[in-house]
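Next comes structure-v7.pdb, with PDB, N, CA and C atoms.
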MODEL        1
ATOM      1  N   MET I   1      21.469 -17.977  18.877
ATOM      2  CA  MET I   1      22.159 -17.635  17.653
ATOM      3  C   MET I   1      21.477 -16.416  17.033
ATOM      4  N   ALA I   2      22.219 -15.427  16.688
ATOM      5  CA  ALA I   2      21.674 -14.213  16.092
ATOM      6  C   ALA I   2      21.419 -14.415  14.594
ATOM      7  N   SER I   3      20.491 -13.630  14.088
ATOM      8  CA  SER I   3      20.179 -13.686  12.658
ATOM      9  C   SER I   3      21.248 -12.947  11.861
ATOM     10  N   HIS I   4      21.341 -13.285  10.586
ATOM     11  CA  HIS I   4      22.316 -12.674   9.694
ATOM     12  C   HIS I   4      21.659 -11.586   8.851
ATOM     13  N   GLN I   5      22.379 -10.501   8.650
ATOM     14  CA  GLN I   5      21.872  -9.378   7.866
ATOM     15  C   GLN I   5      21.498  -9.815   6.448
ATOM     16  N   ASP I   6      22.238 -10.751   5.860
ATOM     17  CA  ASP I   6      21.923 -11.232   4.505
ATOM     18  C   ASP I   6      20.524 -11.844   4.446
ATOM     19  N   PHE I   7      20.154 -12.613   5.475
ATOM     20  CA  PHE I   7      18.822 -13.219   5.508
ATOM     21  C   PHE I   7      17.755 -12.140   5.655
ATOM     22  N   VAL I   8      17.987 -11.185   6.528
ATOM     23  CA  VAL I   8      17.040 -10.082   6.736
ATOM     24  C   VAL I   8      16.847  -9.313   5.429
ATOM     25  N   ASP I   9      17.933  -9.023   4.741
ATOM     26  CA  ASP I   9      17.849  -8.309   3.465
ATOM     27  C   ASP I   9      17.079  -9.114   2.425
ATOM     28  N   TYR I  10      17.281 -10.435   2.408
ATOM     29  CA  TYR I  10      16.562 -11.293   1.464
ATOM     30  C   TYR I  10      15.059 -11.269   1.734
ATOM     31  N   VAL I  11      14.673 -11.388   2.997
ATOM     32  CA  VAL I  11      13.248 -11.358   3.354
ATOM     33  C   VAL I  11      12.654 -10.003   2.968
ATOM     34  N   ALA I  12      13.359  -8.923   3.265
ATOM     35  CA  ALA I  12      12.871  -7.584   2.912
ATOM     36  C   ALA I  12      12.679  -7.455   1.405
ATOM     37  N   GLU I  13      13.590  -8.012   0.634
ATOM     38  CA  GLU I  13      13.468  -7.978  -0.835
ATOM     39  C   GLU I  13      12.253  -8.793  -1.285
ATOM     40  N   GLN I  14      12.039  -9.939  -0.676
ATOM     41  CA  GLN I  14      10.888 -10.764  -1.015
ATOM     42  C   GLN I  14       9.571 -10.029  -0.733
ATOM     43  N   LEU I  15       9.585  -9.138   0.257
ATOM     44  CA  LEU I  15       8.372  -8.436   0.682
ATOM     45  C   LEU I  15       8.183  -7.072   0.009
ATOM     46  N   ARG I  16       9.020  -6.721  -0.935
ATOM     47  CA  ARG I  16       8.994  -5.362  -1.496
ATOM     48  C   ARG I  16       7.649  -4.967  -2.105
ATOM     49  N   GLN I  17       6.844  -5.924  -2.544
ATOM     50  CA  GLN I  17       5.535  -5.597  -3.131
ATOM     51  C   GLN I  17       4.458  -5.382  -2.068
ATOM     52  N   ALA I  18       4.759  -5.681  -0.818
ATOM     53  CA  ALA I  18       3.782  -5.517   0.258
ATOM     54  C   ALA I  18       3.722  -4.074   0.754
ATOM     55  N   GLY I  19       4.797  -3.334   0.570
ATOM     56  CA  GLY I  19       4.866  -1.955   1.047
ATOM     57  C   GLY I  19       6.302  -1.583   1.332
ATOM     58  N   ALA I  20       6.475  -0.477   2.053
ATOM     59  CA  ALA I  20       7.820  -0.019   2.419
ATOM     60  C   ALA I  20       8.301  -0.841   3.618
ATOM     61  N   ILE I  21       9.244  -1.728   3.371
ATOM     62  CA  ILE I  21       9.750  -2.636   4.398
ATOM     63  C   ILE I  21      11.044  -2.078   4.977
ATOM     64  N   ARG I  22      11.112  -2.074   6.301
ATOM     65  CA  ARG I  22      12.377  -1.729   6.957
ATOM     66  C   ARG I  22      12.580  -2.683   8.124
ATOM     67  N   SER I  23      13.831  -2.879   8.464
ATOM     68  CA  SER I  23      14.165  -3.752   9.590
ATOM     69  C   SER I  23      14.852  -2.925  10.664
ATOM     70  N   ARG I  24      14.742  -3.415  11.877
ATOM     71  CA  ARG I  24      15.378  -2.753  13.006
ATOM     72  C   ARG I  24      15.993  -3.823  13.898
ATOM     73  N   LYS I  25      17.269  -3.671  14.172
ATOM     74  CA  LYS I  25      17.954  -4.644  15.020
ATOM     75  C   LYS I  25      17.443  -4.516  16.446
ATOM     76  N   MET I  26      17.075  -5.660  17.026
ATOM     77  CA  MET I  26      16.527  -5.697  18.379
ATOM     78  C   MET I  26      17.115  -6.887  19.124
ATOM     79  N   PHE I  27      17.936  -6.644  20.103
ATOM     80  CA  PHE I  27      18.475  -7.698  20.964
ATOM     81  C   PHE I  27      19.160  -8.813  20.169
ATOM     82  N   GLY I  28      19.887  -8.467  19.141
ATOM     83  CA  GLY I  28      20.591  -9.449  18.326
ATOM     84  C   GLY I  28      19.746 -10.063  17.230
ATOM     85  N   GLU I  29      18.465  -9.756  17.234
ATOM     86  CA  GLU I  29      17.548 -10.234  16.205
ATOM     87  C   GLU I  29      16.963  -9.014  15.494
ATOM     88  N   TYR I  30      15.891  -9.184  14.727
ATOM     89  CA  TYR I  30      15.360  -8.082  13.934
ATOM     90  C   TYR I  30      13.844  -8.002  14.017
ATOM     91  N   GLY I  31      13.345  -6.782  14.066
ATOM     92  CA  GLY I  31      11.931  -6.514  13.924
ATOM     93  C   GLY I  31      11.690  -5.999  12.515
ATOM     94  N   LEU I  32      10.562  -6.367  11.915
ATOM     95  CA  LEU I  32      10.218  -5.897  10.571
ATOM     96  C   LEU I  32       9.005  -4.990  10.622
ATOM     97  N   TYR I  33       9.046  -3.945   9.832
ATOM     98  CA  TYR I  33       7.971  -2.967   9.718
ATOM     99  C   TYR I  33       7.568  -2.872   8.255
ATOM    100  N   CYS I  34       6.279  -2.726   8.029
ATOM    101  CA  CYS I  34       5.752  -2.490   6.687
ATOM    102  C   CYS I  34       4.912  -1.219   6.763
ATOM    103  N   ASP I  35       5.315  -0.214   6.011
ATOM    104  CA  ASP I  35       4.627   1.082   6.045
ATOM    105  C   ASP I  35       4.482   1.594   7.475
ATOM    106  N   GLY I  36       5.509   1.380   8.280
ATOM    107  CA  GLY I  36       5.542   1.862   9.652
ATOM    108  C   GLY I  36       4.876   0.968  10.680
ATOM    109  N   VAL I  37       4.298  -0.154  10.266
ATOM    110  CA  VAL I  37       3.603  -1.069  11.180
ATOM    111  C   VAL I  37       4.525  -2.243  11.519
ATOM    112  N   PHE I  38       4.775  -2.439  12.816
ATOM    113  CA  PHE I  38       5.567  -3.576  13.272
ATOM    114  C   PHE I  38       4.729  -4.837  13.099
ATOM    115  N   PHE I  39       5.185  -5.770  12.255
ATOM    116  CA  PHE I  39       4.367  -6.943  11.944
ATOM    117  C   PHE I  39       5.080  -8.278  12.073
ATOM    118  N   ALA I  40       6.393  -8.285  12.211
ATOM    119  CA  ALA I  40       7.101  -9.569  12.209
ATOM    120  C   ALA I  40       8.454  -9.437  12.894
ATOM    121  N   VAL I  41       9.000 -10.595  13.248
ATOM    122  CA  VAL I  41      10.366 -10.660  13.765
ATOM    123  C   VAL I  41      11.124 -11.736  13.001
ATOM    124  N   ILE I  42      12.405 -11.533  12.938
ATOM    125  CA  ILE I  42      13.300 -12.556  12.407
ATOM    126  C   ILE I  42      14.196 -12.973  13.553
ATOM    127  N   CYS I  43      14.119 -14.251  13.906
ATOM    128  CA  CYS I  43      14.915 -14.823  14.990
ATOM    129  C   CYS I  43      15.576 -16.094  14.476
ATOM    130  N   ASP I  44      16.859 -16.215  14.712
ATOM    131  CA  ASP I  44      17.611 -17.392  14.262
ATOM    132  C   ASP I  44      17.392 -17.654  12.770
ATOM    133  N   ASP I  45      17.387 -16.583  11.978
ATOM    134  CA  ASP I  45      17.189 -16.663  10.526
ATOM    135  C   ASP I  45      15.890 -17.379  10.162
ATOM    136  N   GLN I  46      14.841 -17.103  10.921
ATOM    137  CA  GLN I  46      13.506 -17.613  10.633
ATOM    138  C   GLN I  46      12.528 -16.445  10.749
ATOM    139  N   LEU I  47      11.512 -16.429   9.882
ATOM    140  CA  LEU I  47      10.530 -15.349   9.853
ATOM    141  C   LEU I  47       9.285 -15.739  10.642
ATOM    142  N   PHE I  48       8.879 -14.853  11.551
ATOM    143  CA  PHE I  48       7.677 -15.034  12.361
ATOM    144  C   PHE I  48       6.807 -13.791  12.211
ATOM    145  N   VAL I  49       5.557 -13.986  11.772
ATOM    146  CA  VAL I  49       4.617 -12.888  11.536
ATOM    147  C   VAL I  49       3.574 -12.893  12.647
ATOM    148  N   LYS I  50       3.206 -11.695  13.111
ATOM    149  CA  LYS I  50       2.192 -11.600  14.161
ATOM    150  C   LYS I  50       0.908 -12.301  13.743
ATOM    151  N   VAL I  51       0.260 -12.913  14.694
ATOM    152  CA  VAL I  51      -0.997 -13.615  14.439
ATOM    153  C   VAL I  51      -2.151 -12.610  14.471
ATOM    154  N   THR I  52      -2.969 -12.634  13.422
ATOM    155  CA  THR I  52      -4.215 -11.866  13.373
ATOM    156  C   THR I  52      -5.309 -12.804  12.890
ATOM    157  N   PRO I  53      -6.568 -12.521  13.210
ATOM    158  CA  PRO I  53      -7.651 -13.372  12.700
ATOM    159  C   PRO I  53      -7.642 -13.471  11.167
ATOM    160  N   ALA I  54      -7.355 -12.367  10.493
ATOM    161  CA  ALA I  54      -7.331 -12.381   9.021
ATOM    162  C   ALA I  54      -6.213 -13.271   8.496
ATOM    163  N   GLY I  55      -5.044 -13.188   9.103
ATOM    164  CA  GLY I  55      -3.917 -14.017   8.679
ATOM    165  C   GLY I  55      -4.166 -15.491   8.919
ATOM    166  N   GLU I  56      -4.741 -15.804  10.080
ATOM    167  CA  GLU I  56      -5.067 -17.202  10.390
ATOM    168  C   GLU I  56      -6.115 -17.753   9.425
ATOM    169  N   ALA I  57      -7.125 -16.937   9.108
ATOM    170  CA  ALA I  57      -8.196 -17.395   8.210
ATOM    171  C   ALA I  57      -7.680 -17.630   6.796
ATOM    172  N   ALA I  58      -6.820 -16.752   6.323
ATOM    173  CA  ALA I  58      -6.316 -16.867   4.953
ATOM    174  C   ALA I  58      -5.252 -17.958   4.808
ATOM    175  N   PHE I  59      -4.503 -18.206   5.876
ATOM    176  CA  PHE I  59      -3.403 -19.174   5.814
ATOM    177  C   PHE I  59      -3.469 -20.142   7.005
ATOM    178  N   PRO I  60      -4.529 -20.956   7.062
ATOM    179  CA  PRO I  60      -4.706 -21.836   8.227
ATOM    180  C   PRO I  60      -3.659 -22.939   8.332
ATOM    181  N   ASN I  61      -2.973 -23.243   7.242
ATOM    182  CA  ASN I  61      -2.002 -24.338   7.266
ATOM    183  C   ASN I  61      -0.596 -23.907   7.675
ATOM    184  N   LEU I  62      -0.369 -22.599   7.813
ATOM    185  CA  LEU I  62       0.951 -22.170   8.255
ATOM    186  C   LEU I  62       1.076 -22.445   9.750
ATOM    187  N   PRO I  63       2.197 -23.016  10.168
ATOM    188  CA  PRO I  63       2.360 -23.364  11.583
ATOM    189  C   PRO I  63       2.548 -22.121  12.455
ATOM    190  N   LYS I  64       2.290 -22.296  13.725
ATOM    191  CA  LYS I  64       2.527 -21.229  14.705
ATOM    192  C   LYS I  64       3.558 -21.729  15.704
ATOM    193  N   ALA I  65       4.411 -20.795  16.119
ATOM    194  CA  ALA I  65       5.451 -21.123  17.097
ATOM    195  C   ALA I  65       5.948 -19.821  17.709
ATOM    196  N   PRO I  66       6.470 -19.891  18.919
ATOM    197  CA  PRO I  66       7.071 -18.684  19.500
ATOM    198  C   PRO I  66       8.450 -18.451  18.878
ATOM    199  N   PRO I  67       8.780 -17.207  18.563
ATOM    200  CA  PRO I  67      10.088 -16.936  17.958
ATOM    201  C   PRO I  67      11.248 -17.085  18.942
ATOM    202  N   TYR I  68      10.951 -16.995  20.238
ATOM    203  CA  TYR I  68      11.970 -17.160  21.279
ATOM    204  C   TYR I  68      11.266 -17.600  22.561
ATOM    205  N   ALA I  69      12.018 -18.119  23.489
ATOM    206  CA  ALA I  69      11.445 -18.635  24.731
ATOM    207  C   ALA I  69      10.658 -17.556  25.458
ATOM    208  N   GLY I  70       9.443 -17.897  25.853
ATOM    209  CA  GLY I  70       8.598 -16.984  26.601
ATOM    210  C   GLY I  70       7.726 -16.082  25.747
ATOM    211  N   ALA I  71       7.871 -16.137  24.437
ATOM    212  CA  ALA I  71       7.081 -15.296  23.532
ATOM    213  C   ALA I  71       5.750 -15.957  23.205
ATOM    214  N   ASN I  72       4.790 -15.141  22.790
ATOM    215  CA  ASN I  72       3.534 -15.669  22.259
ATOM    216  C   ASN I  72       3.798 -16.308  20.909
ATOM    217  N   ASP I  73       2.858 -17.139  20.471
ATOM    218  CA  ASP I  73       2.987 -17.738  19.140
ATOM    219  C   ASP I  73       2.850 -16.680  18.053
ATOM    220  N   TYR I  74       3.635 -16.855  17.025
ATOM    221  CA  TYR I  74       3.567 -16.083  15.791
ATOM    222  C   TYR I  74       3.328 -17.084  14.669
ATOM    223  N   ILE I  75       2.954 -16.612  13.505
ATOM    224  CA  ILE I  75       2.877 -17.482  12.330
ATOM    225  C   ILE I  75       4.306 -17.661  11.831
ATOM    226  N   TRP I  76       4.731 -18.900  11.787
ATOM    227  CA  TRP I  76       6.095 -19.225  11.375
ATOM    228  C   TRP I  76       6.087 -19.476   9.867
ATOM    229  N   VAL I  77       6.766 -18.620   9.124
ATOM    230  CA  VAL I  77       6.820 -18.741   7.667
ATOM    231  C   VAL I  77       8.108 -19.465   7.306
ATOM    232  N   GLU I  78       7.974 -20.755   7.071
ATOM    233  CA  GLU I  78       9.153 -21.574   6.766
ATOM    234  C   GLU I  78       9.680 -21.327   5.361
ATOM    235  N   ASP I  79       8.785 -21.067   4.405
ATOM    236  CA  ASP I  79       9.179 -20.912   3.001
ATOM    237  C   ASP I  79       9.244 -19.431   2.634
ATOM    238  N   VAL I  80      10.371 -18.799   2.923
ATOM    239  CA  VAL I  80      10.519 -17.382   2.592
ATOM    240  C   VAL I  80      10.773 -17.151   1.103
ATOM    241  N   ASP I  81      10.874 -18.225   0.336
ATOM    242  CA  ASP I  81      11.024 -18.099  -1.112
ATOM    243  C   ASP I  81       9.681 -17.905  -1.805
ATOM    244  N   ASP I  82       8.585 -18.158  -1.116
ATOM    245  CA  ASP I  82       7.238 -18.017  -1.675
ATOM    246  C   ASP I  82       6.779 -16.558  -1.539
ATOM    247  N   ARG I  83       7.174 -15.752  -2.504
ATOM    248  CA  ARG I  83       6.918 -14.311  -2.461
ATOM    249  C   ARG I  83       5.428 -13.979  -2.413
ATOM    250  N   ASP I  84       4.600 -14.719  -3.130
ATOM    251  CA  ASP I  84       3.163 -14.425  -3.162
ATOM    252  C   ASP I  84       2.525 -14.602  -1.787
ATOM    253  N   THR I  85       2.856 -15.710  -1.115
ATOM    254  CA  THR I  85       2.316 -15.953   0.221
ATOM    255  C   THR I  85       2.830 -14.900   1.202
ATOM    256  N   LEU I  86       4.119 -14.607   1.151
ATOM    257  CA  LEU I  86       4.696 -13.596   2.039
ATOM    258  C   LEU I  86       4.007 -12.244   1.872
ATOM    259  N   THR I  87       3.809 -11.846   0.628
ATOM    260  CA  THR I  87       3.198 -10.545   0.342
ATOM    261  C   THR I  87       1.756 -10.502   0.833
ATOM    262  N   ALA I  88       0.993 -11.537   0.524
ATOM    263  CA  ALA I  88      -0.419 -11.567   0.933
ATOM    264  C   ALA I  88      -0.549 -11.596   2.456
ATOM    265  N   LEU I  89       0.245 -12.421   3.132
ATOM    266  CA  LEU I  89       0.189 -12.503   4.586
ATOM    267  C   LEU I  89       0.585 -11.168   5.217
ATOM    268  N   THR I  90       1.599 -10.538   4.688
ATOM    269  CA  THR I  90       2.055  -9.247   5.225
ATOM    270  C   THR I  90       0.981  -8.181   5.062
ATOM    271  N   ARG I  91       0.376  -8.113   3.897
ATOM    272  CA  ARG I  91      -0.672  -7.112   3.665
ATOM    273  C   ARG I  91      -1.866  -7.323   4.600
ATOM    274  N   LEU I  92      -2.333  -8.565   4.688
ATOM    275  CA  LEU I  92      -3.464  -8.869   5.583
ATOM    276  C   LEU I  92      -3.135  -8.550   7.038
ATOM    277  N   THR I  93      -1.954  -8.941   7.455
ATOM    278  CA  THR I  93      -1.547  -8.716   8.838
ATOM    279  C   THR I  93      -1.460  -7.230   9.145
ATOM    280  N   CYS I  94      -0.840  -6.473   8.274
ATOM    281  CA  CYS I  94      -0.675  -5.038   8.525
ATOM    282  C   CYS I  94      -2.012  -4.295   8.492
ATOM    283  N   LEU I  95      -2.903  -4.679   7.603
ATOM    284  CA  LEU I  95      -4.236  -4.064   7.596
ATOM    285  C   LEU I  95      -4.961  -4.331   8.907
ATOM    286  N   ALA I  96      -4.866  -5.566   9.390
ATOM    287  CA  ALA I  96      -5.515  -5.918  10.648
ATOM    288  C   ALA I  96      -4.882  -5.171  11.822
ATOM    289  N   LEU I  97      -3.567  -5.060  11.833
ATOM    290  CA  LEU I  97      -2.886  -4.364  12.922
ATOM    291  C   LEU I  97      -3.190  -2.865  12.908
ATOM    292  N   GLN I  98      -3.299  -2.287  11.722
ATOM    293  CA  GLN I  98      -3.625  -0.858  11.616
ATOM    294  C   GLN I  98      -5.033  -0.576  12.114
ATOM    295  N   ALA I  99      -5.927  -1.535  11.970
ATOM    296  CA  ALA I  99      -7.325  -1.350  12.378
ATOM    297  C   ALA I  99      -7.508  -1.472  13.886
ATOM    298  N   GLN I 100      -6.536  -2.050  14.586
ATOM    299  CA  GLN I 100      -6.636  -2.202  16.034
ATOM    300  C   GLN I 100      -6.472  -0.843  16.708
ATOM    301  N   PRO I 101      -7.192  -0.628  17.800
ATOM    302  CA  PRO I 101      -6.999   0.627  18.545
ATOM    303  C   PRO I 101      -5.585   0.704  19.084
ATOM    304  N   LYS I 102      -5.022   1.890  19.104
ATOM    305  CA  LYS I 102      -3.666   2.092  19.617
ATOM    306  C   LYS I 102      -3.637   1.905  21.125
ATOM    307  N   LYS I 103      -2.588   1.252  21.586
ATOM    308  CA  LYS I 103      -2.400   1.061  23.019
ATOM    309  C   LYS I 103      -1.806   2.337  23.599
ATOM    310  N   ARG I 104      -2.333   2.739  24.746
ATOM    311  CA  ARG I 104      -1.806   3.924  25.423
ATOM    312  C   ARG I 104      -0.721   3.519  26.382
ATOM    313  N   ARG I 105       0.351   4.266  26.348
ATOM    314  CA  ARG I 105       1.433   4.025  27.303
ATOM    315  C   ARG I 105       1.095   4.706  28.605
ATOM    316  N   LYS I 106       1.425   4.054  29.678
ATOM    317  CA  LYS I 106       1.141   4.631  31.004
ATOM    318  C   LYS I 106       2.350   5.320  31.558
TER     319      LYS I 106
ENDMDL
END
Show how you would write the structure in this file as structure tokens.
Amino acid sequence: MASHQDFVDYVAEQLRQAGAIRSRKMFGEYGLYCDGVFFAVICDDQLFVKVTPAGEAAFPNLPKAPPYAGANDYIWVEDVDDRDTLTALTRLTCLALQAQPKKRRK
């Protein structure tokens, strides 16, 4: 089942204090970027944020699950109405991802 644009727009609005949020349609689902950093996916109208040590440490009680079959686990954010948690998790995740060395394409 593909995600709905209304849900994607709602999540982006909830995250507006985290930075410049944009979405990109990918294979019927959506990738989310904050200030140009790919940090999350929306699959089946559910939000999944990339796992980082900082995100896990700050939010140890958030469950992890793969967003689709064969994917690695992401942090599954069930309560997208909790703007404070969404903003804090997004900021921590993006800072951690920005600090990682860039992967070189072969």
Those of chain I in DSSP helix (DSSP H, G or I), formatted as a PyMOL selection string: chain I and resi 5-14+53-58+83-99
Counting all atoms listed in the file, the residue of I:Pro67, I:Pro53, I:Gly36, I:Gly28 that sits nearest I:Leu92: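 Checking each candidate against I:Leu92, we get I:Pro53 as the closest.
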Could you pull the residues within 6 Å of stretch 68-82 of chain I, counting all atoms listed in the file, minus those fewer than 6 positions along the same chain, as a compact mmCIF listing (two decimals) with N, CA and C atoms, in the coordinates of the input?
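As a result, out06.txt now contains:
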# COMPACT_ATOMS: atom_id res chain seq x y z
N LEU I 47 11.51 -16.43 9.88
CA LEU I 47 10.53 -15.35 9.85
C LEU I 47 9.28 -15.74 10.64
N PHE I 48 8.88 -14.85 11.55
CA PHE I 48 7.68 -15.03 12.36
C PHE I 48 6.81 -13.79 12.21
N VAL I 49 5.56 -13.99 11.77
CA VAL I 49 4.62 -12.89 11.54
C VAL I 49 3.57 -12.89 12.65
N LYS I 50 3.21 -11.70 13.11
CA LYS I 50 2.19 -11.60 14.16
C LYS I 50 0.91 -12.30 13.74
N VAL I 51 0.26 -12.91 14.69
CA VAL I 51 -1.00 -13.62 14.44
C VAL I 51 -2.15 -12.61 14.47
N LEU I 62 -0.37 -22.60 7.81
CA LEU I 62 0.95 -22.17 8.26
C LEU I 62 1.08 -22.44 9.75
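Restricting the calculation to only N, CA and C atoms, the smallest distance between I:Cys34 and any of I:Ala88, I:Ala20, I:Ala65, I:Leu97 is found for I:Ala20.
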Name the residues that the PyMOL selection byres ((chain I and resi 41) around 5) pulls out of this structure, and write them as a PDB file with N, CA and C atoms, in the frame of the given file.
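New file expr.pdb:
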ATOM      1  N   TYR I  30      15.891  -9.184  14.727  1.00  0.00           N
ATOM      2  CA  TYR I  30      15.360  -8.082  13.934  1.00  0.00           C
ATOM      3  C   TYR I  30      13.844  -8.002  14.017  1.00  0.00           C
ATOM      4  N   GLY I  31      13.345  -6.782  14.066  1.00  0.00           N
ATOM      5  CA  GLY I  31      11.931  -6.514  13.924  1.00  0.00           C
ATOM      6  C   GLY I  31      11.690  -5.999  12.515  1.00  0.00           C
ATOM      7  N   LEU I  32      10.562  -6.367  11.915  1.00  0.00           N
ATOM      8  CA  LEU I  32      10.218  -5.897  10.571  1.00  0.00           C
ATOM      9  C   LEU I  32       9.005  -4.990  10.622  1.00  0.00           C
ATOM     10  N   PHE I  39       5.185  -5.770  12.255  1.00  0.00           N
ATOM     11  CA  PHE I  39       4.367  -6.943  11.944  1.00  0.00           C
ATOM     12  C   PHE I  39       5.080  -8.278  12.073  1.00  0.00           C
ATOM     13  N   ALA I  40       6.393  -8.285  12.211  1.00  0.00           N
ATOM     14  CA  ALA I  40       7.101  -9.569  12.209  1.00  0.00           C
ATOM     15  C   ALA I  40       8.454  -9.437  12.894  1.00  0.00           C
ATOM     16  N   ILE I  42      12.405 -11.533  12.938  1.00  0.00           N
ATOM     17  CA  ILE I  42      13.300 -12.556  12.407  1.00  0.00           C
ATOM     18  C   ILE I  42      14.196 -12.973  13.553  1.00  0.00           C
ATOM     19  N   CYS I  43      14.119 -14.251  13.906  1.00  0.00           N
ATOM     20  CA  CYS I  43      14.915 -14.823  14.990  1.00  0.00           C
ATOM     21  C   CYS I  43      15.576 -16.094  14.476  1.00  0.00           C
ATOM     22  N   LEU I  47      11.512 -16.429   9.882  1.00  0.00           N
ATOM     23  CA  LEU I  47      10.530 -15.349   9.853  1.00  0.00           C
ATOM     24  C   LEU I  47       9.285 -15.739  10.642  1.00  0.00           C
ATOM     25  N   PHE I  48       8.879 -14.853  11.551  1.00  0.00           N
ATOM     26  CA  PHE I  48       7.677 -15.034  12.361  1.00  0.00           C
ATOM     27  C   PHE I  48       6.807 -13.791  12.211  1.00  0.00           C
TER      28      PHE I  48
END
Strand (DSSP E) residues, from DSSP on the backbone, in chain I, as a list of chain:residue names: I:Ile21, I:Arg22, I:Ser23, I:Arg24, I:Lys25, I:Met26, I:Glu29, I:Tyr30, I:Gly31, I:Leu32, I:Tyr33, I:Cys34, I:Val37, I:Phe38, I:Phe39, I:Ala40, I:Val41, I:Ile42, I:Cys43, I:Gln46, I:Leu47, I:Phe48, I:Val49, I:Lys64, I:Ala65, I:Tyr74, I:Ile75, I:Trp76, I:Val77
The centre and edge lengths of an axis-aligned box containing all atoms of stretch 38-48 of chain I present in the file, extended by 3 Å on each side, are to be given in Å to one decimal, as lines of an AutoDock Vina configuration file.
center_x = 11.0
center_y = -10.0
center_z = 12.4
size_x = 19.2
size_y = 21.2
size_z = 11.1
Pairwise distance for atom CA of I:Thr93 and atom N of I:Asp9, rounded to one decimal in Å: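 Pair atom CA of I:Thr93 / atom N of I:Asp9 returns 19.9 Å.
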Test item: residues at most 7 Å from I:Asp35, all atoms listed in the file, excluding those fewer than 4 positions along its chain, as a PyMOL selection string: chain I and resi 18-22
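Those residues returned by the PyMOL selection byres (((chain I and resi 7 and name CA) around 10) and name CA) for this file are Ser3, His4, Gln5, Asp6, Val8, Asp9, Tyr10, Val11, Ala12, Glu13, Ile42, Asp44, Asp45, Gln46, Leu47 and Val80 of chain I.
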Produce a file of the selected residues containing N, CA and C atoms, as a PDB file, keeping the file's coordinate frame.
ATOM      1  N   SER I   3      20.491 -13.630  14.088  1.00  0.00           N
ATOM      2  CA  SER I   3      20.179 -13.686  12.658  1.00  0.00           C
ATOM      3  C   SER I   3      21.248 -12.947  11.861  1.00  0.00           C
ATOM      4  N   HIS I   4      21.341 -13.285  10.586  1.00  0.00           N
ATOM      5  CA  HIS I   4      22.316 -12.674   9.694  1.00  0.00           C
ATOM      6  C   HIS I   4      21.659 -11.586   8.851  1.00  0.00           C
ATOM      7  N   GLN I   5      22.379 -10.501   8.650  1.00  0.00           N
ATOM      8  CA  GLN I   5      21.872  -9.378   7.866  1.00  0.00           C
ATOM      9  C   GLN I   5      21.498  -9.815   6.448  1.00  0.00           C
ATOM     10  N   ASP I   6      22.238 -10.751   5.860  1.00  0.00           N
ATOM     11  CA  ASP I   6      21.923 -11.232   4.505  1.00  0.00           C
ATOM     12  C   ASP I   6      20.524 -11.844   4.446  1.00  0.00           C
ATOM     13  N   VAL I   8      17.987 -11.185   6.528  1.00  0.00           N
ATOM     14  CA  VAL I   8      17.040 -10.082   6.736  1.00  0.00           C
ATOM     15  C   VAL I   8      16.847  -9.313   5.429  1.00  0.00           C
ATOM     16  N   ASP I   9      17.933  -9.023   4.741  1.00  0.00           N
ATOM     17  CA  ASP I   9      17.849  -8.309   3.465  1.00  0.00           C
ATOM     18  C   ASP I   9      17.079  -9.114   2.425  1.00  0.00           C
ATOM     19  N   TYR I  10      17.281 -10.435   2.408  1.00  0.00           N
ATOM     20  CA  TYR I  10      16.562 -11.293   1.464  1.00  0.00           C
ATOM     21  C   TYR I  10      15.059 -11.269   1.734  1.00  0.00           C
ATOM     22  N   VAL I  11      14.673 -11.388   2.997  1.00  0.00           N
ATOM     23  CA  VAL I  11      13.248 -11.358   3.354  1.00  0.00           C
ATOM     24  C   VAL I  11      12.654 -10.003   2.968  1.00  0.00           C
ATOM     25  N   ALA I  12      13.359  -8.923   3.265  1.00  0.00           N
ATOM     26  CA  ALA I  12      12.871  -7.584   2.912  1.00  0.00           C
ATOM     27  C   ALA I  12      12.679  -7.455   1.405  1.00  0.00           C
ATOM     28  N   GLU I  13      13.590  -8.012   0.634  1.00  0.00           N
ATOM     29  CA  GLU I  13      13.468  -7.978  -0.835  1.00  0.00           C
ATOM     30  C   GLU I  13      12.253  -8.793  -1.285  1.00  0.00           C
ATOM     31  N   ILE I  42      12.405 -11.533  12.938  1.00  0.00           N
ATOM     32  CA  ILE I  42      13.300 -12.556  12.407  1.00  0.00           C
ATOM     33  C   ILE I  42      14.196 -12.973  13.553  1.00  0.00           C
ATOM     34  N   ASP I  44      16.859 -16.215  14.712  1.00  0.00           N
ATOM     35  CA  ASP I  44      17.611 -17.392  14.262  1.00  0.00           C
ATOM     36  C   ASP I  44      17.392 -17.654  12.770  1.00  0.00           C
ATOM     37  N   ASP I  45      17.387 -16.583  11.978  1.00  0.00           N
ATOM     38  CA  ASP I  45      17.189 -16.663  10.526  1.00  0.00           C
ATOM     39  C   ASP I  45      15.890 -17.379  10.162  1.00  0.00           C
ATOM     40  N   GLN I  46      14.841 -17.103  10.921  1.00  0.00           N
ATOM     41  CA  GLN I  46      13.506 -17.613  10.633  1.00  0.00           C
ATOM     42  C   GLN I  46      12.528 -16.445  10.749  1.00  0.00           C
ATOM     43  N   LEU I  47      11.512 -16.429   9.882  1.00  0.00           N
ATOM     44  CA  LEU I  47      10.530 -15.349   9.853  1.00  0.00           C
ATOM     45  C   LEU I  47       9.285 -15.739  10.642  1.00  0.00           C
ATOM     46  N   VAL I  80      10.371 -18.799   2.923  1.00  0.00           N
ATOM     47  CA  VAL I  80      10.519 -17.382   2.592  1.00  0.00           C
ATOM     48  C   VAL I  80      10.773 -17.151   1.103  1.00  0.00           C
TER      49      VAL I  80
END
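Put simply, atom CA of I:Thr87 is 6.5 Å away from atom CA of I:Gln17.
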